[in-house]
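Note: the block below is work-v8.cif and it holds mmCIF, C-alpha atoms.
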```
data_work
#
loop_
_atom_site.group_PDB
_atom_site.id
_atom_site.type_symbol
_atom_site.label_atom_id
_atom_site.label_comp_id
_atom_site.auth_asym_id
_atom_site.auth_seq_id
_atom_site.Cartn_x
_atom_site.Cartn_y
_atom_site.Cartn_z
ATOM 1 C CA MET A 1 110.636 87.027 93.842
ATOM 2 C CA ALA A 2 114.008 86.251 92.283
ATOM 3 C CA GLY A 3 114.017 87.117 88.596
ATOM 4 C CA LYS A 4 110.578 88.796 88.631
ATOM 5 C CA HIS A 5 110.236 92.253 87.030
ATOM 6 C CA ILE A 6 108.538 94.523 89.575
ATOM 7 C CA VAL A 7 107.833 98.215 89.097
ATOM 8 C CA ALA A 8 106.747 100.779 91.672
ATOM 9 C CA ILE A 9 104.674 103.806 90.757
ATOM 10 C CA ALA A 10 105.459 106.299 93.476
ATOM 11 C CA GLY A 11 104.004 109.594 94.590
ATOM 12 C CA SER A 12 105.802 112.208 96.644
ATOM 13 C CA GLY A 13 104.499 111.199 100.085
ATOM 14 C CA ASN A 14 104.744 108.321 102.531
ATOM 15 C CA ASN A 15 103.011 105.800 100.245
ATOM 16 C CA GLY A 16 105.584 106.625 97.594
ATOM 17 C CA GLY A 17 108.315 106.063 100.166
ATOM 18 C CA ASP A 18 106.745 102.723 101.121
ATOM 19 C CA ALA A 19 106.619 101.606 97.466
ATOM 20 C CA LEU A 20 110.236 102.645 96.878
ATOM 21 C CA GLY A 21 111.300 100.899 100.081
ATOM 22 C CA ALA A 22 109.470 97.763 98.933
ATOM 23 C CA ILE A 23 111.329 97.577 95.627
ATOM 24 C CA ARG A 24 114.610 98.139 97.479
ATOM 25 C CA HIS A 25 113.896 95.027 99.567
ATOM 26 C CA LEU A 26 112.634 93.087 96.547
ATOM 27 C CA SER A 27 115.842 93.906 94.702
ATOM 28 C CA GLY A 28 117.789 92.440 97.598
ATOM 29 C CA TRP A 29 115.722 89.272 97.189
ATOM 30 C CA GLY A 30 116.695 89.016 93.516
ATOM 31 C CA ALA A 31 113.867 90.834 91.733
ATOM 32 C CA ASP A 32 114.529 93.073 88.731
ATOM 33 C CA VAL A 33 113.040 96.394 89.859
ATOM 34 C CA GLY A 34 112.319 99.878 88.611
ATOM 35 C CA ALA A 35 110.164 102.838 89.533
ATOM 36 C CA ALA A 36 108.210 105.635 87.933
ATOM 37 C CA LEU A 37 107.890 108.783 90.022
ATOM 38 C CA SER A 38 104.805 110.965 89.688
ATOM 39 C CA GLY A 39 106.960 114.109 89.756
ATOM 40 C CA HIS A 40 110.480 115.406 90.053
ATOM 41 C CA ALA A 41 112.652 113.982 92.843
ATOM 42 C CA ASP A 42 113.043 117.480 94.331
ATOM 43 C CA GLN A 43 109.331 117.367 95.271
ATOM 44 C CA LEU A 44 109.578 114.174 97.334
ATOM 45 C CA ARG A 45 108.753 114.400 101.038
ATOM 46 C CA PRO A 46 111.315 113.066 103.553
ATOM 47 C CA LEU A 47 110.418 109.343 103.586
ATOM 48 C CA ALA A 48 110.080 109.101 99.808
ATOM 49 C CA ARG A 49 113.223 111.199 99.326
ATOM 50 C CA ARG A 50 115.262 108.959 101.646
ATOM 51 C CA GLN A 51 114.171 105.820 99.769
ATOM 52 C CA HIS A 52 114.766 107.529 96.411
ATOM 53 C CA ASP A 53 118.279 108.538 97.413
ATOM 54 C CA ILE A 54 119.119 104.993 98.564
ATOM 55 C CA LEU A 55 117.849 103.533 95.282
ATOM 56 C CA THR A 56 119.764 106.131 93.278
ATOM 57 C CA ALA A 57 122.967 105.333 95.181
ATOM 58 C CA LEU A 58 122.400 101.655 94.364
ATOM 59 C CA GLY A 59 122.014 102.491 90.661
ATOM 60 C CA MET A 60 118.383 101.401 90.336
ATOM 61 C CA PRO A 61 116.279 102.884 87.519
ATOM 62 C CA LEU A 62 113.989 105.673 88.727
ATOM 63 C CA ALA A 63 112.794 107.200 85.507
ATOM 64 C CA SER A 64 110.356 106.166 82.850
ATOM 65 C CA VAL A 65 109.785 102.431 83.038
ATOM 66 C CA ASP A 66 107.640 100.130 80.935
ATOM 67 C CA LEU A 67 104.687 99.123 83.087
ATOM 68 C CA PHE A 68 103.515 96.708 80.404
ATOM 69 C CA SER A 69 106.644 94.536 80.785
ATOM 70 C CA ALA A 70 106.300 94.246 84.570
ATOM 71 C CA GLU A 71 105.064 91.129 86.336
ATOM 72 C CA LEU A 72 103.846 93.182 89.320
ATOM 73 C CA ILE A 73 103.173 96.886 89.853
ATOM 74 C CA ILE A 74 103.329 98.372 93.338
ATOM 75 C CA ASP A 75 100.981 101.359 93.696
ATOM 76 C CA GLY A 76 102.365 103.986 96.053
ATOM 77 C CA LEU A 77 100.954 107.075 94.338
ATOM 78 C CA LEU A 78 98.385 108.397 96.816
ATOM 79 C CA GLY A 79 97.665 107.630 100.450
ATOM 80 C CA TYR A 80 95.150 108.241 103.182
ATOM 81 C CA SER A 81 95.584 112.008 103.295
ATOM 82 C CA ALA A 82 95.112 112.604 99.554
ATOM 83 C CA VAL A 83 92.427 115.138 98.712
ATOM 84 C CA GLY A 84 90.375 114.895 95.534
ATOM 85 C CA PRO A 85 90.822 112.732 92.475
ATOM 86 C CA PRO A 86 94.190 111.837 90.955
ATOM 87 C CA ARG A 87 95.354 114.561 88.574
ATOM 88 C CA ASP A 88 98.019 115.163 85.944
ATOM 89 C CA ALA A 89 100.981 112.726 86.085
ATOM 90 C CA ILE A 90 99.390 110.699 88.891
ATOM 91 C CA ALA A 91 96.198 110.174 86.865
ATOM 92 C CA ASP A 92 98.321 109.204 83.843
ATOM 93 C CA LEU A 93 100.221 106.603 85.904
ATOM 94 C CA VAL A 94 96.954 105.186 87.277
ATOM 95 C CA ARG A 95 95.552 104.873 83.752
ATOM 96 C CA SER A 96 98.751 103.242 82.470
ATOM 97 C CA ALA A 97 98.923 100.782 85.367
ATOM 98 C CA ASN A 98 95.294 99.748 84.885
ATOM 99 C CA ALA A 99 95.726 99.472 81.089
ATOM 100 C CA SER A 100 98.781 97.228 81.521
ATOM 101 C CA ARG A 101 96.649 94.396 82.924
ATOM 102 C CA VAL A 102 99.629 93.585 85.166
ATOM 103 C CA PRO A 103 98.620 92.626 88.739
ATOM 104 C CA ILE A 104 98.780 95.663 91.038
ATOM 105 C CA LEU A 105 99.600 95.591 94.743
ATOM 106 C CA ALA A 106 98.300 98.753 96.431
ATOM 107 C CA VAL A 107 100.132 100.134 99.459
ATOM 108 C CA ASP A 108 97.558 100.954 102.191
ATOM 109 C CA LEU A 109 94.750 101.719 99.712
ATOM 110 C CA PRO A 110 94.368 101.884 95.926
ATOM 111 C CA SER A 111 95.265 105.353 94.647
ATOM 112 C CA GLY A 112 92.108 107.305 93.903
ATOM 113 C CA LEU A 113 89.894 105.445 96.395
ATOM 114 C CA HIS A 114 88.349 107.405 99.266
ATOM 115 C CA PRO A 115 89.582 105.662 102.445
ATOM 116 C CA ASP A 116 86.400 106.252 104.457
ATOM 117 C CA THR A 117 83.601 105.771 101.914
ATOM 118 C CA GLY A 118 85.187 103.391 99.410
ATOM 119 C CA GLU A 119 84.080 105.686 96.573
ATOM 120 C CA PRO A 120 86.423 106.100 93.601
ATOM 121 C CA LEU A 121 87.484 109.737 93.281
ATOM 122 C CA GLY A 122 87.899 109.736 89.522
ATOM 123 C CA VAL A 123 90.443 107.411 87.931
ATOM 124 C CA THR A 124 91.320 104.732 90.513
ATOM 125 C CA ILE A 125 93.808 101.872 90.701
ATOM 126 C CA ARG A 126 92.257 98.417 90.246
ATOM 127 C CA ALA A 127 94.366 96.393 92.672
ATOM 128 C CA ALA A 128 94.622 92.620 92.740
ATOM 129 C CA LEU A 129 95.886 92.927 96.317
ATOM 130 C CA THR A 130 95.851 95.742 98.863
ATOM 131 C CA VAL A 131 98.141 95.624 101.878
ATOM 132 C CA THR A 132 96.678 98.081 104.355
ATOM 133 C CA LEU A 133 98.719 99.328 107.292
ATOM 134 C CA ALA A 134 97.934 99.429 111.041
ATOM 135 C CA LEU A 135 94.131 99.011 110.754
ATOM 136 C CA PRO A 136 91.799 98.493 107.775
ATOM 137 C CA LYS A 137 90.382 101.710 106.389
ATOM 138 C CA ARG A 138 86.578 101.650 106.451
ATOM 139 C CA GLY A 139 86.307 102.270 102.710
ATOM 140 C CA LEU A 140 88.352 99.179 101.898
ATOM 141 C CA ILE A 141 85.706 96.836 103.248
ATOM 142 C CA GLU A 142 82.740 98.546 101.574
ATOM 143 C CA THR A 143 81.015 96.360 98.979
ATOM 144 C CA ARG A 144 81.257 99.050 96.307
ATOM 145 C CA SER A 145 85.077 99.136 96.548
ATOM 146 C CA ARG A 146 85.670 95.347 96.341
ATOM 147 C CA ALA A 147 86.533 95.337 92.626
ATOM 148 C CA LEU A 148 89.163 98.037 93.218
ATOM 149 C CA VAL A 149 90.710 96.635 96.422
ATOM 150 C CA GLY A 150 91.180 92.976 95.446
ATOM 151 C CA ASP A 151 92.349 90.696 98.245
ATOM 152 C CA LEU A 152 92.879 92.680 101.442
ATOM 153 C CA LEU A 153 95.714 92.034 103.886
ATOM 154 C CA LEU A 154 96.437 93.917 107.100
ATOM 155 C CA ALA A 155 100.142 94.490 107.831
ATOM 156 C CA ASP A 156 101.710 94.919 111.246
ATOM 157 C CA ILE A 157 103.805 98.093 111.189
ATOM 158 C CA GLY A 158 104.825 97.927 114.825
ATOM 159 C CA ILE A 159 102.236 100.138 116.507
ATOM 160 C CA PRO A 160 102.126 99.047 120.153
ATOM 161 C CA PRO A 161 98.776 97.782 121.483
ATOM 162 C CA GLN A 162 98.798 100.568 124.099
ATOM 163 C CA VAL A 163 98.197 103.095 121.314
ATOM 164 C CA PHE A 164 95.091 101.198 120.213
ATOM 165 C CA ASP A 165 94.006 100.798 123.863
ATOM 166 C CA ARG A 166 93.566 104.587 124.019
ATOM 167 C CA LEU A 167 91.136 104.264 121.116
ATOM 168 C CA THR A 168 89.402 101.270 122.760
ATOM 169 C CA ILE A 169 90.477 99.014 119.891
ATOM 170 C CA GLU A 170 91.705 95.591 120.956
ATOM 171 C CA THR A 171 94.655 94.421 118.828
ATOM 172 C CA ARG A 172 96.562 92.115 121.179
ATOM 173 C CA GLY A 173 97.223 88.788 119.526
ATOM 174 C CA LEU A 174 96.152 90.048 116.092
ATOM 175 C CA PHE A 175 99.531 89.281 114.540
ATOM 176 C CA VAL A 176 100.399 86.214 116.614
ATOM 177 C CA ASN A 177 100.739 84.085 113.448
ATOM 178 C CA GLY A 178 102.766 86.595 111.407
ATOM 179 C CA ASP A 179 103.033 90.153 110.160
ATOM 180 C CA LEU A 180 100.097 89.835 107.744
ATOM 181 C CA VAL A 181 96.449 89.001 108.407
ATOM 182 C CA ARG A 182 94.016 88.288 105.557
ATOM 183 C CA ILE A 183 90.920 90.478 105.932
ATOM 184 C CA ILE A 184 89.057 89.761 102.682
ATOM 185 C CA ARG A 185 89.716 87.310 99.897
#
```
Kindly transcribe the structure held in the file into structure tokens.
Amino acid sequence: MAGKHIVAIAGSGNNGGDALGAIRHLSGWGADVGAALSGHADQLRPLARRQHDILTALGMPLASVDLFSAELIIDGLLGYSAVGPPRDAIADLVRSANASRVPILAVDLPSGLHPDTGEPLGVTIRAALTVTLALPKRGLIETRSRALVGDLLLADIGIPPQVFDRLTIETRGLFVNGDLVRIIR
């Protein structure tokens, strides 16, 4: 990642916090990073605000960035709990990211995609790669969403198997070979 120009597009919630946290780590690995927020920093929820404040203290750009000059865009605009289609600044960032033709990595699910049905809810990120967290969302593996999801990886975020046991979902050994498991290529 050293020397690569990577830009996060971040919403106000946890996915935004994940995207901002990702560029913080990527910066530490030598990437040239920046971020575009979907709103004012005062509207960020706790996780996104904490990551924003760390990046600000480190002097990283968190304003308007040129998506077209990036080599990778990290989509952290909308997450699982989003309701309805992307609107206003979020819709504008989705359109810009898609128009850039830069590869997009979606955090958990592409912004604008319904997590359960796989239906686009208006303008939707076209990801080259989606890294979904904990368990794959049903909508990510639907045939109709394949062009929007891209390659699909499942990331271990440290949920103990006992939690999944209560849901009768067997996850022991799932991440025995690493923190990422390829679901769909």
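Counting from CA of Ala35 in chain A, the distance to CA of Lys137 in chain A is 26.0 Å.
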Give me the residues within 8 Å of Phe175 in chain A as number ranges by chain, counting all atoms listed in the file and dropping any in the same chain fewer than 5 places off. A: 156, 180-181
Enter the distance from CA of Ala128 in chain A to CA of Asn15 in chain A, in Å, rounded to one decimal.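 Computing it gives 17.3 Å between the two atoms.
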Nearest-residue call for Ile169 in chain A, choices A:Arg146, A:Ala48, A:Asp151, A:Leu135, using all atoms listed in the file: A:Leu135
One decimal, in Å: what's the spacing between CA of Ser38 in chain A and CA of Ile74 in chain A?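 Taking CA of Ser38 in chain A as the start and CA of Ile74 in chain A as the end point, the length is 13.2 Å.
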Would you write out, as a VMD selection string, every residue that the PyMOL selection byres ((chain A and resi 58) around 12) captures in this file? chain A and resid 23 to 25 27 to 28 33 to 34 51 to 57 59 to 62
Non-local contacts of Ser81 in chain A (12 Å; all atoms listed in the file; under 4 positions in same chain excluded) as a list in words: Gly13, Asn14, Asn15, Leu77, Pro85, Asp108, Leu109, Ser111, Gly112, Leu113, His114, Pro115, Asp116 and Lys137 of chain A
Residues matched by the PyMOL selection byres ((chain A and resi 3-9) around 8), written as a PyMOL selection string: chain A and resi 1-2+10-11+16+19-20+23+30-38+65+67+69-77+93
Residues around (89.8, 96.5, 105.7), cut-off 9 Å, counting all atoms listed in the file - what are they as a count of residues only? 14
Between A:Gly122, A:Gly150, A:Pro46, A:Gly178, single out the one closest to Ile90 in chain A, counting all atoms listed in the file.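 With all atoms listed in the file as the atom set, the closest residue is A:Gly122.
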Closest of A:Val102, A:Val83, A:Leu121, A:Val131 to Ala22 in chain A, counting only C-alpha atoms, is A:Val131
